[in-house]
Protein chains: 2
Amino acid sequence: MNESLTDTNPPTLAGAGTDELRLWVRLLRCAKVGEKLLRRNFEEQFDTTLPRFDVMAVLYREPDGMSMGSLSRALLVSNGNVTSIVRQLQAQGLLQSIPHPQDGRSAIVSLTLAGRAQFVVLAEAHHAWISEIFREVPADRLKQLVEGLGELHTILGA
Amino acid sequence: MNESLTDTNPPTLAGAGTDELRLWVRLLRCAKVGEKLLRRNFEEQFDTTLPRFDVMAVLYREPDGMSMGSLSRALLVSNGNVTSIVRQLQAQGLLQSIPHPQDGRSAIVSLTLAGRAQFVVLAEAHHAWISEIFREVPADRLKQLVEGLGELHTILGA
DNA sequence: TTTTTTTGCTTTAAGCCTAAATTATAGGAG
DNA sequence: CTCCTATAATTTAGGCTTAAAGCAAAAAAA
């Protein structure tokens with residue numbers, strides 16, 4: 001029950017090995033492994049990054065464009081962060097920024113035609129990579145995880 | 001079946017909304033939300049970071065210390081990355097680096113007594129935050145996710 | 001022994017990320 | 001109209017991250 005007085009091992013931490021902690025560690029671990037793979041693929045095959053892909057993915061769903069603020073909220077990243085990523089995409093001609101007609105502070109960013117075309121290509125590759133990653137996961141297990149993580153996300157979002 | 005010629009909405013992407021993609025998006029989303037919360041807490045309450053905590057967590061389990069290489073492999077981060085984090089912890093007196101007796105290239109890093117004491121405090125807070133995050137998740141759902149993510153991690157690791 | 005290759009780690013360049021400070025515009029109170 | 005506050009975005013400082021290049025020691029080869 002108690003730690004031995006001559007124990008040279010680390011003292012047991014309160015709560016170590018609980019289900020919550022295990023869940024968190026595994027969640028983070030799986031996400032990290034996947035991200036590592038995607039980052040490498042995006043870099044090697046398209047000379048781009050996951051964050052840029054994320055920006056394009058959000059904008060693809062909004063053909064009329066959106067403000068920098070909405071973009072950063074949709075991506076769960078800080079306001080200032082979006083600025084530099086948008087700049088990169090703009091420099092590549094994949095994205096355009098147009099001053100808001102009513103509000104002089106704001107700008108509406110949207111994908112260019114080239115950006116939309118490029119995103120379709122990227123999204124296809126992205127999906128193929130994800131499929132490959134989860135290839136060995138049984139379909140019912142997949143559904144179970146989707147369900148469980150959906151519930152988790154709802155709880156976390158609230 | 002086909003896209004309308006006058007459709008102003010984004011064309012449907014092949015594979016959009018499949019279970020694999022949904023799983024990946026939710027996995028990443030949940031991890032991101034949790035990380036954001038932990039980062040803020042570590043910063044505000046202990047003026048430290050999640051990566052530093054991660055290093056300490058690994059070293060806590062290895063009282064005899066380990067090489068920089070083992071450390072980076074255990075954390076799934078690049079070799080060069082560990083260098084700067086270790087330096088920070090060393091500057092705070094939480095970690096010590098001792099030259100390897102046989103191998104002049106290598107060093108053995110380990111937590112100092114102060115580092116071990118500090119880690120116990122951090123780990124306790126960390127666990128409390130995690131518990132709070134998952135407070136509303138039913139115990140059986142928790143177990144199911146732990147199980148599913150464990151399997152997923154095994155598949156991803158191989 | 002001398003040379004070559006490998007290995008452990010650090011450094012560098014580039015990008016992502018945040019919080020906080022700054023700038024500029026918008027909108028309301030007086 | 002003027003002042004004050006709120007909001008949109010950028011800039012700045014600091015930290016994390018990687019890949020690639022560099023350095024020094026070890027190990028292997030010649």
# chains A, B, ... in the order shown; residues from 1 in each chain; ligands from 1
>>> select_by_dssp(residues="range 12-117 of chain A", states="helix (DSSP H, G or I)", output="PyMOL selection string")
chain A and resi 19-46+50-60+68-75+79-91+113-117
>>> residues_around(residues="range 121-125 of chain A", least_positions_apart="4", cutoff="7 Å", atoms="only C-alpha atoms (C1' of nucleotides)", output="VMD selection string")
(chain A and resid 117 129) or (chain B and resid 14)
>>> atom_distance(atom1="CA of Gln144 in chain A", atom2="CA of Lys32 in chain B")
20.5 Å
>>> closest_atom_pairs(of="chain B", to="chain D", cutoff="7 Å", atoms="only C-alpha atoms (C1' of nucleotides)", output="tab-separated table")
residue	atom	partner	partner_atom	distance
B:Ser78	CA	D:DT18	C1'	6.9
B:Asn81	CA	D:DT17	C1'	6.8
B:Gly104	CA	D:DA25	C1'	5.9
B:Arg105	CA	D:DA25	C1'	5.4
>>> closest_residue(among="A:Arg22, A:Gln96, A:Thr12, A:Ala91", to="chain B", atoms="only C-alpha atoms")
A:Arg22
